[in-house]
Amino acid sequence: MRPLQTTKTMTTRPITSIESDLKAAAAKRAAFRAVNNESQGGYVDESEIERLSAELASARAAASPLATREGIESARAWAKAQGWTAKDLAAANTACLARGYSLAELQAAIKTL
């Protein structure tokens with residue numbers, strides 16, 4: 001297990017730590033399938049991968065700039081300053097993804113204000 005990182009509201013592991021554990025669990029599953037199921041799939045306990053995926057999603061949501069009202073307002077001001085039009089949605093989404101969230105996530109967060 002990796003050391004925990006403590007925030008004011010919750011205790012979470014770093015995202016990179018969760019991602020590496022998820023990769024290790026996927027490799028473990030692949031090795032099990034290769035030996036026991038002759039690479040044909042079949043029953044495999046997915047609970048560890050499901051748990052790590054949920055933990056990763058929670059950690060990413062908590063680390064998102066859209067997790068706080070101030071972050072949403074800041075992202076909204078940034079997006080308005082870009083001056084995108086309806087023709088620029090793909091570029092807008094690419095720019096938002098570079099900041100750690102999708103355009104749809106930004107739009108949904110703005111609606112909560």
# chains A, B, ... in the order shown; residues from 1 in each chain; ligands from 1
>>> residues_around(residues="stretch 50-67 of chain A", least_positions_apart="2", cutoff="8 Å", atoms="only C-alpha atoms", output="ChimeraX atom specification")
/A:12-15,18-19,21-22,46-48,69,71-72,75,100-101,106,109
>>> write_last_selection(atoms="N, CA, C and O atoms", output="PDB file, in the first residue's frame")
ATOM      1  N   THR A  12      -6.898  10.614   0.770  1.00  0.00           N
ATOM      2  CA  THR A  12      -6.809   9.873  -0.479  1.00  0.00           C
ATOM      3  C   THR A  12      -5.354   9.623  -0.822  1.00  0.00           C
ATOM      4  O   THR A  12      -4.462  10.330  -0.352  1.00  0.00           O
ATOM      5  N   ARG A  13      -5.153   8.633  -1.654  1.00  0.00           N
ATOM      6  CA  ARG A  13      -3.816   8.371  -2.165  1.00  0.00           C
ATOM      7  C   ARG A  13      -3.591   9.233  -3.394  1.00  0.00           C
ATOM      8  O   ARG A  13      -4.542   9.642  -4.044  1.00  0.00           O
ATOM      9  N   PRO A  14      -2.344   9.492  -3.727  1.00  0.00           N
ATOM     10  CA  PRO A  14      -2.074  10.267  -4.947  1.00  0.00           C
ATOM     11  C   PRO A  14      -2.583   9.528  -6.191  1.00  0.00           C
ATOM     12  O   PRO A  14      -2.577   8.293  -6.239  1.00  0.00           O
ATOM     13  N   ILE A  15      -3.003  10.282  -7.180  1.00  0.00           N
ATOM     14  CA  ILE A  15      -3.566   9.701  -8.400  1.00  0.00           C
ATOM     15  C   ILE A  15      -2.555   8.788  -9.079  1.00  0.00           C
ATOM     16  O   ILE A  15      -2.906   7.701  -9.548  1.00  0.00           O
ATOM     17  N   ILE A  18      -2.517   5.382  -7.436  1.00  0.00           N
ATOM     18  CA  ILE A  18      -3.695   4.582  -7.778  1.00  0.00           C
ATOM     19  C   ILE A  18      -3.563   4.039  -9.194  1.00  0.00           C
ATOM     20  O   ILE A  18      -3.862   2.868  -9.452  1.00  0.00           O
ATOM     21  N   GLU A  19      -3.101   4.886 -10.122  1.00  0.00           N
ATOM     22  CA  GLU A  19      -2.919   4.437 -11.507  1.00  0.00           C
ATOM     23  C   GLU A  19      -1.915   3.302 -11.603  1.00  0.00           C
ATOM     24  O   GLU A  19      -2.126   2.339 -12.340  1.00  0.00           O
ATOM     25  N   ASP A  21      -1.148   1.136  -9.224  1.00  0.00           N
ATOM     26  CA  ASP A  21      -1.772  -0.054  -8.638  1.00  0.00           C
ATOM     27  C   ASP A  21      -2.789  -0.670  -9.597  1.00  0.00           C
ATOM     28  O   ASP A  21      -2.922  -1.891  -9.675  1.00  0.00           O
ATOM     29  N   LEU A  22      -3.500   0.175 -10.330  1.00  0.00           N
ATOM     30  CA  LEU A  22      -4.469  -0.308 -11.305  1.00  0.00           C
ATOM     31  C   LEU A  22      -3.776  -1.043 -12.451  1.00  0.00           C
ATOM     32  O   LEU A  22      -4.230  -2.108 -12.882  1.00  0.00           O
ATOM     33  N   GLU A  46     -12.887  -9.481 -10.582  1.00  0.00           N
ATOM     34  CA  GLU A  46     -12.631  -8.105 -11.006  1.00  0.00           C
ATOM     35  C   GLU A  46     -12.772  -7.107  -9.863  1.00  0.00           C
ATOM     36  O   GLU A  46     -12.666  -5.903 -10.076  1.00  0.00           O
ATOM     37  N   SER A  47     -12.995  -7.571  -8.643  1.00  0.00           N
ATOM     38  CA  SER A  47     -13.295  -6.660  -7.542  1.00  0.00           C
ATOM     39  C   SER A  47     -12.144  -5.691  -7.248  1.00  0.00           C
ATOM     40  O   SER A  47     -12.383  -4.520  -6.946  1.00  0.00           O
ATOM     41  N   GLU A  48     -10.904  -6.148  -7.354  1.00  0.00           N
ATOM     42  CA  GLU A  48      -9.769  -5.259  -7.082  1.00  0.00           C
ATOM     43  C   GLU A  48      -9.688  -4.152  -8.139  1.00  0.00           C
ATOM     44  O   GLU A  48      -9.507  -2.979  -7.814  1.00  0.00           O
ATOM     45  N   ARG A  69     -16.415  25.982  -5.679  1.00  0.00           N
ATOM     46  CA  ARG A  69     -17.108  27.094  -6.335  1.00  0.00           C
ATOM     47  C   ARG A  69     -16.104  28.061  -6.960  1.00  0.00           C
ATOM     48  O   ARG A  69     -16.296  28.533  -8.082  1.00  0.00           O
ATOM     49  N   GLY A  71     -13.129  27.394  -8.014  1.00  0.00           N
ATOM     50  CA  GLY A  71     -12.547  26.755  -9.191  1.00  0.00           C
ATOM     51  C   GLY A  71     -13.468  26.823 -10.398  1.00  0.00           C
ATOM     52  O   GLY A  71     -13.020  27.060 -11.523  1.00  0.00           O
ATOM     53  N   ILE A  72     -14.764  26.622 -10.148  1.00  0.00           N
ATOM     54  CA  ILE A  72     -15.746  26.696 -11.237  1.00  0.00           C
ATOM     55  C   ILE A  72     -15.802  28.115 -11.794  1.00  0.00           C
ATOM     56  O   ILE A  72     -15.794  28.315 -13.013  1.00  0.00           O
ATOM     57  N   ALA A  75     -12.675  28.793 -13.844  1.00  0.00           N
ATOM     58  CA  ALA A  75     -12.721  28.093 -15.133  1.00  0.00           C
ATOM     59  C   ALA A  75     -13.729  28.750 -16.069  1.00  0.00           C
ATOM     60  O   ALA A  75     -13.499  28.851 -17.278  1.00  0.00           O
ATOM     61  N   GLY A 100      -7.646  19.508 -17.330  1.00  0.00           N
ATOM     62  CA  GLY A 100      -8.037  18.464 -16.398  1.00  0.00           C
ATOM     63  C   GLY A 100      -9.514  18.138 -16.326  1.00  0.00           C
ATOM     64  O   GLY A 100      -9.942  17.415 -15.436  1.00  0.00           O
ATOM     65  N   TYR A 101     -10.320  18.673 -17.216  1.00  0.00           N
ATOM     66  CA  TYR A 101     -11.755  18.390 -17.240  1.00  0.00           C
ATOM     67  C   TYR A 101     -12.241  18.554 -18.664  1.00  0.00           C
ATOM     68  O   TYR A 101     -11.585  19.182 -19.488  1.00  0.00           O
ATOM     69  N   LEU A 106     -17.311  21.048 -17.498  1.00  0.00           N
ATOM     70  CA  LEU A 106     -17.337  22.484 -17.185  1.00  0.00           C
ATOM     71  C   LEU A 106     -18.737  23.039 -17.306  1.00  0.00           C
ATOM     72  O   LEU A 106     -19.208  23.770 -16.421  1.00  0.00           O
ATOM     73  N   ALA A 109     -20.820  21.873 -14.410  1.00  0.00           N
ATOM     74  CA  ALA A 109     -20.441  22.537 -13.169  1.00  0.00           C
ATOM     75  C   ALA A 109     -20.978  23.967 -13.132  1.00  0.00           C
ATOM     76  O   ALA A 109     -21.421  24.444 -12.088  1.00  0.00           O
TER      77      ALA A 109
END
>>> select_by_dssp(residues="stretch 30-80 of chain A", states="alpha helix (DSSP H)", output="PyMOL selection string")
chain A and resi 30-36+47-63+69-80
>>> write_last_selection(atoms="C-alpha atoms", output="PDB file, in the first residue's frame")
ATOM      1  CA  ALA A  30      -3.694 -10.911 -17.519  1.00  0.00           C
ATOM      2  CA  ALA A  31      -1.118 -13.273 -16.028  1.00  0.00           C
ATOM      3  CA  PHE A  32      -3.874 -15.270 -14.309  1.00  0.00           C
ATOM      4  CA  ARG A  33      -5.812 -15.550 -17.555  1.00  0.00           C
ATOM      5  CA  ALA A  34      -2.709 -16.602 -19.488  1.00  0.00           C
ATOM      6  CA  VAL A  35      -1.940 -19.429 -17.056  1.00  0.00           C
ATOM      7  CA  ASN A  36      -5.325 -20.614 -15.823  1.00  0.00           C
ATOM      8  CA  SER A  47     -13.295  -6.660  -7.542  1.00  0.00           C
ATOM      9  CA  GLU A  48      -9.769  -5.259  -7.082  1.00  0.00           C
ATOM     10  CA  ILE A  49      -9.824  -3.526 -10.466  1.00  0.00           C
ATOM     11  CA  GLU A  50     -13.341  -2.194  -9.837  1.00  0.00           C
ATOM     12  CA  ARG A  51     -12.313  -0.868  -6.406  1.00  0.00           C
ATOM     13  CA  LEU A  52      -9.200   0.812  -7.811  1.00  0.00           C
ATOM     14  CA  SER A  53     -11.180   2.301 -10.721  1.00  0.00           C
ATOM     15  CA  ALA A  54     -13.715   3.792  -8.311  1.00  0.00           C
ATOM     16  CA  GLU A  55     -10.923   5.127  -6.095  1.00  0.00           C
ATOM     17  CA  LEU A  56      -9.231   6.687  -9.137  1.00  0.00           C
ATOM     18  CA  ALA A  57     -12.460   8.349 -10.258  1.00  0.00           C
ATOM     19  CA  SER A  58     -12.993   9.770  -6.759  1.00  0.00           C
ATOM     20  CA  ALA A  59      -9.417  11.029  -6.540  1.00  0.00           C
ATOM     21  CA  ARG A  60      -9.647  12.699  -9.956  1.00  0.00           C
ATOM     22  CA  ALA A  61     -12.950  14.343  -9.024  1.00  0.00           C
ATOM     23  CA  ALA A  62     -11.478  15.647  -5.762  1.00  0.00           C
ATOM     24  CA  ALA A  63      -8.394  16.982  -7.571  1.00  0.00           C
ATOM     25  CA  ARG A  69     -17.108  27.094  -6.335  1.00  0.00           C
ATOM     26  CA  GLU A  70     -14.017  29.264  -6.742  1.00  0.00           C
ATOM     27  CA  GLY A  71     -12.547  26.755  -9.191  1.00  0.00           C
ATOM     28  CA  ILE A  72     -15.746  26.696 -11.237  1.00  0.00           C
ATOM     29  CA  GLU A  73     -15.898  30.490 -11.357  1.00  0.00           C
ATOM     30  CA  SER A  74     -12.244  30.674 -12.368  1.00  0.00           C
ATOM     31  CA  ALA A  75     -12.721  28.093 -15.133  1.00  0.00           C
ATOM     32  CA  ARG A  76     -15.848  29.889 -16.318  1.00  0.00           C
ATOM     33  CA  ALA A  77     -13.987  33.192 -16.542  1.00  0.00           C
ATOM     34  CA  TRP A  78     -11.137  31.496 -18.413  1.00  0.00           C
ATOM     35  CA  ALA A  79     -13.565  29.893 -20.885  1.00  0.00           C
ATOM     36  CA  LYS A  80     -15.356  33.199 -21.504  1.00  0.00           C
TER      37      LYS A  80
END
>>> atom_distance(atom1="atom CA of A:Ser102", atom2="atom CA of A:Leu89")
10.9 Å
>>> closest_residue(among="A:Ser17, A:Lys111, A:Asp45, A:Asp88", to="A:Arg29", atoms="only C-alpha atoms")
A:Asp45
>>> atom_distance(atom1="atom CA of A:Glu105", atom2="atom CA of A:Ala86")
16.9 Å
